[in-house]
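Chemist: Please find one structure pasted underneath; my questions will follow.
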Amino acid sequence: GFQMLNKTDKRLVVQIIKKSPDLMNILKAIAQLNLPQGVLAAGSIRNTVWQVLSHQPIELINDVDVVYFDPQRPRNDDQIIQASLIKRMPDYQWQVKNEAYMHHYDFKDAPKFTSIEDAISHFVETPTCIGAYLKGDDIEIIAPYGLTDLIQLKCRPIPMFQNNKTCLSIYQNRIQRKNWKKRWPNLAIINS
């Protein structure tokens with residue numbers, strides 16, 4: 001099962017998100033789409049947290065990943081939603097994905113995801129396994145493996161990748177490609 005979120009960790013991450021006008025705008029835009037289980041996920045949040053904790057200026061440096069979970073919807077709705085977001089807020093690099101279709105991405109025989117939390121738990125490294133959405137005025141956080149790695153600037157493969165050579169090489173190639181250590185010198189990269 002997934003971890004219960006530590007309240008202090010959650011409070012810190014929520015505070016950091018609130019400090020970023022970009023992330024708040026994005027969360028409001030996602031809320032207005034009324035997507036089933038629609039959340040802002042992965043890099044935008046991870047990078048913002050790392051920038052704040054590294055005393056760097058806050059800026060969006062990657063795609064803005066909007067994920068949702070709706071098995072009823074045809075796959076090409078993603079393009080339609082993405083186009084509407086680009087039209088409304090052209091300053092962001094929007095990426096929209098219905099995670100009901102994404103389970104084949106890394107593994108051909110992977111079982112279908114059952115929820116947005118399940119999908120987020122399959123992102124390659126622990127600090128990226130994070131999502132946020134607005135519930136009324138409150139920011140809710142999804143972090144299947146907790147927030148400790150994110151807050152402590154630790155990067156490690158998700159548990160299901162740790163004992164699998166193929167998965168570990170996916171992780172290691174990605175870490176090399178991303179070159180995060182250059183951007184965040186304090187980041188601890190754990191390879192197994």
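Lettering and numbering for the structure tokens are positional, with chains as A, B, ... in the shown order, residues counted from 1 in each chain, and ligands counted from 1 in the shown order.
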Extract, using only C-alpha atoms, all DNA, RNA and protein residues at most 8 Å from A:Ile30, discarding same-chain residues fewer than 3 positions from it, and format them as a JSON list (two decimals) with all heavy atoms, in the first residue's frame.

Modeler:
```json
[["chain", "number", "residue", "atom", "x", "y", "z"],
["A", 26, "ILE", "N", -1.70, 27.23, -12.58],
["A", 26, "ILE", "CA", -1.85, 25.93, -13.24],
["A", 26, "ILE", "C", -2.89, 25.08, -12.48],
["A", 26, "ILE", "O", -3.77, 24.48, -13.10],
["A", 26, "ILE", "CB", -0.49, 25.22, -13.33],
["A", 26, "ILE", "CG1", 0.40, 25.95, -14.35],
["A", 26, "ILE", "CG2", -0.65, 23.76, -13.70],
["A", 26, "ILE", "CD1", 1.89, 25.63, -14.25],
["A", 27, "LEU", "N", -2.79, 25.06, -11.15],
["A", 27, "LEU", "CA", -3.74, 24.27, -10.36],
["A", 27, "LEU", "C", -5.17, 24.78, -10.56],
["A", 27, "LEU", "O", -6.11, 23.98, -10.67],
["A", 27, "LEU", "CB", -3.37, 24.31, -8.87],
["A", 27, "LEU", "CG", -2.12, 23.51, -8.48],
["A", 27, "LEU", "CD1", -1.83, 23.67, -6.99],
["A", 27, "LEU", "CD2", -2.26, 22.03, -8.83],
["A", 33, "LEU", "N", -11.04, 22.49, -15.40],
["A", 33, "LEU", "CA", -11.30, 21.49, -16.45],
["A", 33, "LEU", "C", -12.25, 20.39, -15.96],
["A", 33, "LEU", "O", -12.79, 19.64, -16.75],
["A", 33, "LEU", "CB", -9.99, 20.84, -16.90],
["A", 33, "LEU", "CG", -8.98, 21.72, -17.63],
["A", 33, "LEU", "CD1", -7.66, 20.98, -17.77],
["A", 33, "LEU", "CD2", -9.50, 22.15, -18.99],
["A", 34, "ASN", "N", -12.38, 20.27, -14.63],
["A", 34, "ASN", "CA", -13.21, 19.21, -14.04],
["A", 34, "ASN", "C", -12.89, 17.82, -14.57],
["A", 34, "ASN", "O", -13.79, 17.04, -14.87],
["A", 34, "ASN", "CB", -14.70, 19.50, -14.30],
["A", 34, "ASN", "CG", -15.17, 20.68, -13.46],
["A", 34, "ASN", "OD1", -14.84, 20.78, -12.28],
["A", 34, "ASN", "ND2", -15.90, 21.59, -14.09],
["A", 35, "LEU", "N", -11.62, 17.52, -14.69],
["A", 35, "LEU", "CA", -11.23, 16.18, -15.16],
["A", 35, "LEU", "C", -11.33, 15.20, -14.00],
["A", 35, "LEU", "O", -10.98, 15.54, -12.88],
["A", 35, "LEU", "CB", -9.78, 16.21, -15.65],
["A", 35, "LEU", "CG", -9.49, 17.06, -16.87],
["A", 35, "LEU", "CD1", -7.98, 17.17, -17.07],
["A", 35, "LEU", "CD2", -10.14, 16.45, -18.11],
["A", 38, "GLY", "N", -8.05, 14.77, -11.97],
["A", 38, "GLY", "CA", -7.10, 15.63, -12.68],
["A", 38, "GLY", "C", -6.10, 16.27, -11.73],
["A", 38, "GLY", "O", -6.49, 16.91, -10.76],
["A", 39, "VAL", "N", -4.82, 16.08, -11.99],
["A", 39, "VAL", "CA", -3.79, 16.64, -11.13],
["A", 39, "VAL", "C", -2.61, 17.18, -11.93],
["A", 39, "VAL", "O", -2.36, 16.77, -13.06],
["A", 39, "VAL", "CB", -3.24, 15.61, -10.09],
["A", 39, "VAL", "CG1", -4.34, 14.99, -9.26],
["A", 39, "VAL", "CG2", -2.42, 14.53, -10.76],
["A", 40, "LEU", "N", -1.90, 18.11, -11.30],
["A", 40, "LEU", "CA", -0.60, 18.52, -11.80],
["A", 40, "LEU", "C", 0.40, 17.54, -11.20],
["A", 40, "LEU", "O", 0.37, 17.31, -9.99],
["A", 40, "LEU", "CB", -0.29, 19.94, -11.32],
["A", 40, "LEU", "CG", 1.16, 20.42, -11.53],
["A", 40, "LEU", "CD1", 1.50, 20.51, -13.01],
["A", 40, "LEU", "CD2", 1.39, 21.75, -10.83],
["A", 66, "VAL", "N", -0.09, 17.49, -16.87],
["A", 66, "VAL", "CA", -1.44, 17.35, -16.33],
["A", 66, "VAL", "C", -1.86, 15.91, -16.59],
["A", 66, "VAL", "O", -1.85, 15.45, -17.73],
["A", 66, "VAL", "CB", -2.42, 18.30, -17.05],
["A", 66, "VAL", "CG1", -3.84, 18.11, -16.52],
["A", 66, "VAL", "CG2", -1.97, 19.75, -16.87],
["A", 133, "TYR", "N", -3.51, 18.86, -6.47],
["A", 133, "TYR", "CA", -4.75, 19.39, -7.06],
["A", 133, "TYR", "C", -5.46, 20.23, -6.02],
["A", 133, "TYR", "O", -5.16, 20.14, -4.82],
["A", 133, "TYR", "CB", -5.64, 18.25, -7.57],
["A", 133, "TYR", "CG", -6.11, 17.29, -6.49],
["A", 133, "TYR", "CD1", -7.37, 17.44, -5.90],
["A", 133, "TYR", "CD2", -5.31, 16.23, -6.06],
["A", 133, "TYR", "CE1", -7.80, 16.55, -4.92],
["A", 133, "TYR", "CE2", -5.73, 15.35, -5.07],
["A", 133, "TYR", "CZ", -6.98, 15.52, -4.50],
["A", 133, "TYR", "OH", -7.41, 14.65, -3.52]]
```

Chemist: Find the residues around stretch 177-186 of chain A up to 10 Å (only C-alpha atoms counted), leave out those fewer than 4 positions away in its own chain, and share them as a list in words.

Modeler: Asn47, Trp50, Gln51, Leu53, Ser54, Gln56, Gln152, Leu153, Lys154, Cys155, Tyr171, Gln172 and Asn173 of chain A

Chemist: Identify, on the basis of only C-alpha atoms, every residue whose closest approach to stretch 118-128 of chain A does not exceed 10 Å; exclude the query and any residue fewer than 4 positions from it along the same chain; express the result as number ranges by chain.

Modeler: A: 2, 41-47, 49-50, 67-69, 98-103, 106, 112-114, 142-161, 167-168, 170-172, 174-175, 190

Chemist: Could you pull out all residues of stretch 62-109 of chain A with a DSSP call of helix (DSSP H, G or I) and give them as a list of chain:residue names?

Modeler: A:Asp77, A:Asp78, A:Gln79, A:Ile80, A:Ile81, A:Gln82, A:Ala83, A:Ser84, A:Leu85, A:Ile86, A:Lys87, A:Arg88, A:Glu99, A:Ala100, A:Tyr101, A:Met102, A:His103, A:His104

Chemist: Figure out the distance between atom CA of A:Val96 and atom CA of A:Gln82, please, to one decimal in Å.

Modeler: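 A separation of 5.6 Å between them.
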